[in-house]
Amino acid sequence: MRPIAIVGAGQAGSALAAKLRALGHDGPIKLIGAEPVPPYQRPPLSKKYLLGELERDRLYLRPETFYAENGIELITGTRVAALEAAEKVLLLKDGTRLACAAIALCTGADPIRLPPALGGALGGVYTMRNLADAEAMAPEFREGARVLIVGGGYIGLEAAAVAASKGLRVTLVEMAPRILARVACTETASWFRALHESHDVKIREGTGLSELRGSQGRVSHARLSDGTEIAVDFVIVGIGVRPGTELAEAAGLTIDNGIRTDAFGATSAPGIFAAGDCASFPHQGCRIRLESVPNAIDQAEAVAAAMLGQGVPYVARPWFWSDQYDVKLQIAGLNSGHDTVVVRPGDRPGSQSHWYFAGPKLLALDAMNDPRAYMTGKRLIEAGLSPERNALADPAIPLKSLPLSEPVEAL
Amino acid sequence: MISLTFLTADGTRIDTEARPGVSLMEAARNASVPGILAECGGACSCSTCHVYVEPGFAGLLPPASEGELDLLDFVCEPDPERSRLSCQITLTEALSGLTVTVPERQG
Ligand SMILES: Cc1cc2nc3c(=O)[nH]c(=O)nc-3n(C[C@H](O)[C@H](O)[C@H](O)COP(=O)(O)OP(=O)(O)OC[C@H]3O[C@@H](n4cnc5c(N)ncnc54)[C@H](O)[C@@H]3O)c2cc1C
Ligand code: FES
């Protein structure tokens, strides 16, 4: 009997395999991953694991025995080299040809690297995606070491927080005029800038990296776009990812900001599905691709059902979190297309939330140390309800008593 | 080792053991206890690791943080006496014998 094969044993791949079994599928399942370890959580890589507060086996999403116990053949350390879409055949790196009943591509995303011409191949230059990346850079986190972080997105900021907490001297450069430029409003960016500056992180916005220089193959200096040069002991490049579309693209599948799927996770090739960071899908009249754990799990589970002919359209309920120092950021919704941001002070010192609106319609919120605001906002967004903006800005009006409306369309 | 019992929503009893230092959520994950989703992996951000702690043990547990209490207010069917987020309970030998019930629904 031909197996269902899942390419990529990450967050989405492992959820998909488990869900196939939970839904009663009793045929063979192969879960094939390039990394040498069982499926694990990535979020702690730039948080607790990097801080050294978590043992390696606590990163694993499921105990190693789970897969065999559930009849899931987990094949680690094996890259799928090619896909023959029409025949639903996978070619493994060692030459094995695997004919499948159906295939799910859960290939994640690859970090954008600094080109070797700019010093990207020097020793002491790291990206942050895999367990192997985190383990390679961990020994560099020595008190007093000078680290340059390139890129002021969430992963870069989290790495900066870990480094500053461990007593490193941290400089973070962001080419855009401000940190978090692609993902958050100026209010949230300012809030996190102040937080990092209070921990002595030097944030240089509107400043790109021009080149890394080294001696004896190891990085020693960074030249910045404003002409200054700084001495560094190591560098973390956090300038975003590209969806893992290589395999799909070579097989002729349609690519559209990731592997293009419909609401059931079906790609342009019959019997081939995709889920997680690598897949774009329809959402409220647009096409989006999300890079988050909740999406990887929920979409993978929806795709598992679709692969068994029990599918219902996947409806994303986007949310995300980030931990920096003792601040917990929780985000619900998608803020693209917003025209106003309402700032609401929280009930406790150091808590605050930023609510994104398009006209009267609530789109998203960022809540800093304010789980109540987060949960309230998340529920409202999912229910299509919007609080009245002036009331929201007034912390004297309790969250539970906010006047609500149901705007039909964003203006 | 610390012995633990999970009672799932459909009445199944899962007995397991865990080492000190891991969280109750991780112990549930390692024992493949259904119904504990733990989407955020223990970051106290998602509240999908909600459990009911059997009376008698509540006093032995570390008190819930403000952040945990905030999230617990929003879980499905909270019980002020028994609700906890399992990722926020670090296991110690003193908790051996702990019994918790998994709610019917998370989130
Ligand atoms: C440092 C870091 C911090 C993060 N923090 C958060 C956070 O706080 N909250 C949040 O929600 N999200 C966070 N994320 C994002 C989250 O981890 C991802 O969205 C999630 O892992 C996506 O799951 P996935 O299965 O699509 O991809 P992945 O987990 O990346 O898994 C894809 C797997 O496929 C494998 N693969 C690719 N191609 C092949 C091939 N041809 N053959 C075999 N195997 C292949 C890869 O090696 C990889 O193991 C973070 C990510 C990183 C890197
Ligand atoms: S696992 Fe997310 S709050 Fe416990």
# chains A, B, ... in the order shown; residues from 1 in each chain; ligands from 1
$ closest_atom_pairs --of "chain A" --to "ligand 1" --cutoff "8 Å" --atoms "only C-alpha atoms and all ligand atoms" --output "CSV"
residue,atom,partner,partner_atom_place_in_ligand_line,distance
A:Val7,CA,ligand 1,43 (C),5.2
A:Gly8,CA,ligand 1,34 (O),3.2
A:Ala9,CA,ligand 1,33 (C),5.0
A:Gly10,CA,ligand 1,31 (O),3.4
A:Gln11,CA,ligand 1,25 (O),3.8
A:Ala12,CA,ligand 1,25 (O),3.5
A:Gly13,CA,ligand 1,25 (O),5.4
A:Ser14,CA,ligand 1,25 (O),7.5
A:Ile32,CA,ligand 1,43 (C),5.5
A:Gly33,CA,ligand 1,44 (N),3.7
A:Ala34,CA,ligand 1,44 (N),3.8
A:Glu35,CA,ligand 1,47 (O),5.0
A:Pro39,CA,ligand 1,49 (O),7.1
A:Tyr40,CA,ligand 1,29 (O),7.5
A:Gln41,CA,ligand 1,17 (O),6.4
A:Arg42,CA,ligand 1,17 (O),4.3
A:Pro43,CA,ligand 1,5 (N),3.4
A:Pro44,CA,ligand 1,3 (C),6.4
A:Leu45,CA,ligand 1,1 (C),5.0
A:Ser46,CA,ligand 1,1 (C),4.6
A:Lys47,CA,ligand 1,3 (C),7.6
A:Gly77,CA,ligand 1,43 (C),7.9
A:Thr78,CA,ligand 1,43 (C),5.9
A:Arg79,CA,ligand 1,42 (N),3.6
A:Val80,CA,ligand 1,42 (N),3.8
A:Ala81,CA,ligand 1,41 (N),5.8
A:Ala82,CA,ligand 1,41 (N),7.4
A:Leu92,CA,ligand 1,42 (N),7.9
A:Cys106,CA,ligand 1,25 (O),5.4
A:Thr107,CA,ligand 1,37 (C),3.7
A:Gly108,CA,ligand 1,27 (O),3.2
A:Ala109,CA,ligand 1,30 (O),5.5
A:Asp110,CA,ligand 1,30 (O),7.5
A:Met128,CA,ligand 1,1 (C),5.4
A:Arg129,CA,ligand 1,53 (C),3.8
A:Asn130,CA,ligand 1,53 (C),6.5
A:Tyr154,CA,ligand 1,5 (N),7.7
A:Ile155,CA,ligand 1,1 (C),5.6
A:Gly244,CA,ligand 1,38 (N),6.3
A:Glu246,CA,ligand 1,41 (N),7.7
A:Leu247,CA,ligand 1,41 (N),6.1
A:Ala275,CA,ligand 1,26 (O),6.4
A:Gly276,CA,ligand 1,26 (O),3.4
A:Asp277,CA,ligand 1,26 (O),3.9
A:Cys278,CA,ligand 1,26 (O),5.9
A:Ala279,CA,ligand 1,26 (O),8.0
A:Leu290,CA,ligand 1,19 (O),7.1
A:Glu291,CA,ligand 1,19 (O),3.8
A:Ser292,CA,ligand 1,19 (O),3.3
A:Val293,CA,ligand 1,11 (O),3.8
A:Pro294,CA,ligand 1,11 (O),5.7
A:Asn295,CA,ligand 1,19 (O),7.2
A:Ala296,CA,ligand 1,23 (O),5.0
A:Ile297,CA,ligand 1,23 (O),7.7
A:Trp319,CA,ligand 1,11 (O),7.1
A:Phe320,CA,ligand 1,11 (O),4.6
A:Trp321,CA,ligand 1,8 (O),4.9
A:Ser322,CA,ligand 1,8 (O),4.7
A:Asp323,CA,ligand 1,8 (O),7.1
$ residues_around --residues "Asp79 in chain B" --least-positions-apart "2" --cutoff "12 Å" --atoms "only C-alpha atoms" --output "list of chain:residue names"
B:His50, B:Val51, B:Tyr52, B:Val53, B:Glu54, B:Pro55, B:Leu69, B:Leu72, B:Asp73, B:Phe74, B:Val75, B:Cys76, B:Glu77, B:Glu81, B:Arg82, B:Ser83, B:Arg84, B:Leu85, B:Thr101, B:Pro103
$ closest_atom_pairs --of "chain A" --to "chain B" --cutoff "7 Å" --atoms "only C-alpha atoms" --output "Markdown table"
| residue | atom | partner | partner_atom | distance |
| --- | --- | --- | --- | --- |
| A:Arg62 | CA | B:Asn30 | CA | 6.3 |
| A:Pro63 | CA | B:Asn30 | CA | 5.3 |
| A:Pro294 | CA | B:Glu39 | CA | 6.4 |
| A:Trp321 | CA | B:Ser45 | CA | 6.8 |
| A:Gln330 | CA | B:Ser45 | CA | 6.9 |
| A:Pro371 | CA | B:Asp70 | CA | 6.0 |
| A:Arg372 | CA | B:Asp70 | CA | 5.7 |
| A:Met375 | CA | B:Phe74 | CA | 6.8 |
$ write_last_selection --atoms "all heavy atoms" --output "CSV table (one decimal), in the first residue's frame"
chain,number,residue,atom,x,y,z
A,62,ARG,N,7.0,16.0,20.6
A,62,ARG,CA,6.4,14.8,21.1
A,62,ARG,C,7.5,13.9,21.6
A,62,ARG,O,8.6,14.0,21.0
A,62,ARG,CB,5.6,14.1,20.1
A,62,ARG,CG,4.3,14.9,19.7
A,62,ARG,CD,3.4,14.2,18.7
A,62,ARG,NE,2.2,14.8,18.6
A,62,ARG,CZ,1.9,15.9,17.9
A,62,ARG,NH1,2.9,16.5,17.2
A,62,ARG,NH2,0.7,16.5,17.8
A,63,PRO,N,7.3,13.0,22.5
A,63,PRO,CA,8.4,12.1,22.9
A,63,PRO,C,8.8,11.2,21.7
A,63,PRO,O,8.0,11.0,20.8
A,63,PRO,CB,7.7,11.2,23.9
A,63,PRO,CG,6.3,11.4,23.8
A,63,PRO,CD,6.1,12.7,23.2
A,294,PRO,N,0.9,28.6,15.8
A,294,PRO,CA,-0.5,28.3,15.7
A,294,PRO,C,-1.0,28.0,14.3
A,294,PRO,O,-1.8,27.1,14.1
A,294,PRO,CB,-1.2,29.5,16.3
A,294,PRO,CG,-0.1,30.2,17.1
A,294,PRO,CD,1.2,29.9,16.4
A,321,TRP,N,3.2,35.2,19.6
A,321,TRP,CA,3.7,35.7,20.9
A,321,TRP,C,5.2,36.0,20.8
A,321,TRP,O,5.8,35.4,19.9
A,321,TRP,CB,3.4,34.8,22.1
A,321,TRP,CG,4.3,33.6,22.1
A,321,TRP,CD1,5.4,33.5,22.8
A,321,TRP,CD2,4.1,32.4,21.4
A,321,TRP,NE1,6.0,32.2,22.6
A,321,TRP,CE2,5.2,31.5,21.8
A,321,TRP,CE3,3.2,31.9,20.5
A,321,TRP,CZ2,5.4,30.2,21.3
A,321,TRP,CZ3,3.3,30.6,20.0
A,321,TRP,CH2,4.4,29.8,20.4
A,330,GLN,N,1.8,39.5,23.3
A,330,GLN,CA,0.8,38.6,22.6
A,330,GLN,C,0.1,39.5,21.5
A,330,GLN,O,-0.3,40.6,21.7
A,330,GLN,CB,-0.2,38.1,23.6
A,330,GLN,CG,0.3,37.1,24.6
A,330,GLN,CD,-0.6,37.0,25.8
A,330,GLN,OE1,-0.7,37.9,26.6
A,330,GLN,NE2,-1.3,35.8,25.9
A,371,PRO,N,-2.4,40.2,29.3
A,371,PRO,CA,-3.1,39.0,28.8
A,371,PRO,C,-4.7,39.3,28.7
A,371,PRO,O,-5.3,38.8,27.8
A,371,PRO,CB,-2.9,37.9,29.7
A,371,PRO,CG,-1.7,38.3,30.6
A,371,PRO,CD,-1.6,39.8,30.5
A,372,ARG,N,-5.1,40.1,29.6
A,372,ARG,CA,-6.6,40.4,29.6
A,372,ARG,C,-7.0,41.2,28.3
A,372,ARG,O,-8.0,40.8,27.6
A,372,ARG,CB,-7.0,41.3,30.7
A,372,ARG,CG,-7.5,40.6,31.9
A,372,ARG,CD,-7.7,41.5,33.1
A,372,ARG,NE,-7.6,40.7,34.2
A,372,ARG,CZ,-8.5,39.8,34.5
A,372,ARG,NH1,-9.6,39.7,33.8
A,372,ARG,NH2,-8.3,38.9,35.5
A,375,MET,N,-6.7,38.6,25.4
A,375,MET,CA,-7.8,37.7,25.2
A,375,MET,C,-9.1,38.4,24.8
A,375,MET,O,-9.9,37.9,24.0
A,375,MET,CB,-8.0,37.0,26.6
A,375,MET,CG,-6.9,36.0,26.9
A,375,MET,SD,-6.6,34.7,25.7
A,375,MET,CE,-7.8,33.4,26.2
$ closest_residue --among "A:Gly285, A:Gly238, A:Pro395, A:Pro28" --to "Ile6 in chain A" --atoms "only C-alpha atoms"
A:Pro28
$ closest_residue --among "A:Asp394, A:Asp226, A:Glu205, A:Glu73" --to "Ile179 in chain A" --atoms "only C-alpha atoms"
A:Glu205
$ select_by_dssp --residues "range 249-377 of chain A" --states "alpha helix (DSSP H)" --output "ChimeraX atom specification"
/A:249-250,293-307,371-377
$ atom_distance --atom1 "CA of Ala176 in chain A" --atom2 "CA of Thr207 in chain A"
7.3 Å
$ select_by_dssp --residues "range 102-294 of chain A" --states "strand (DSSP E or B)" --output "PyMOL selection string"
chain A and resi 102-105+109-111+123+125-127+146-150+169-174+202-205+209-215+218-224+229-231+234-237+241-243+255+259-260+266+272-274+279-283+286-288
$ residues_around --residues "Arg317 in chain A" --least-positions-apart "4" --cutoff "10 Å" --atoms "only C-alpha atoms" --output "list of chain:residue names"
A:His283, A:Pro294, A:Asn295, A:Asp298, A:Ala332, A:Gly333, A:Leu334, A:Lys378, A:Ile381, A:Glu382
$ atom_distance --atom1 "CA of Ile203 in chain A" --atom2 "CA of Glu143 in chain A"
19.2 Å
$ closest_residue --among "B:Val100, B:Ala58, B:Ala28, B:Ala94" --to "ligand 2" --atoms "only C-alpha atoms and all ligand atoms"
B:Ala28
$ residues_around --residues "Ala274 in chain A" --least-positions-apart "3" --cutoff "12 Å" --atoms "only C-alpha atoms" --output "MDAnalysis selection string"
chainID A and resid 5:8 12:13 16 102:108 243:245 247:248 253:255 258:271 277:281 289 296 299:304 306:307
$ closest_residue --among "A:Gly240, A:Pro36, A:Pro318, A:Pro349" --to "Gly156 in chain A" --atoms "only C-alpha atoms"
A:Gly240
$ closest_residue --among "B:Thr99, B:Gln106, B:Thr5, B:Thr16" --to "ligand 2" --atoms "only C-alpha atoms and all ligand atoms"
B:Gln106
$ closest_residue --among "B:Leu95, B:Cys87, B:Val33, B:Leu60" --to "ligand 2" --atoms "only C-alpha atoms and all ligand atoms"
B:Cys87
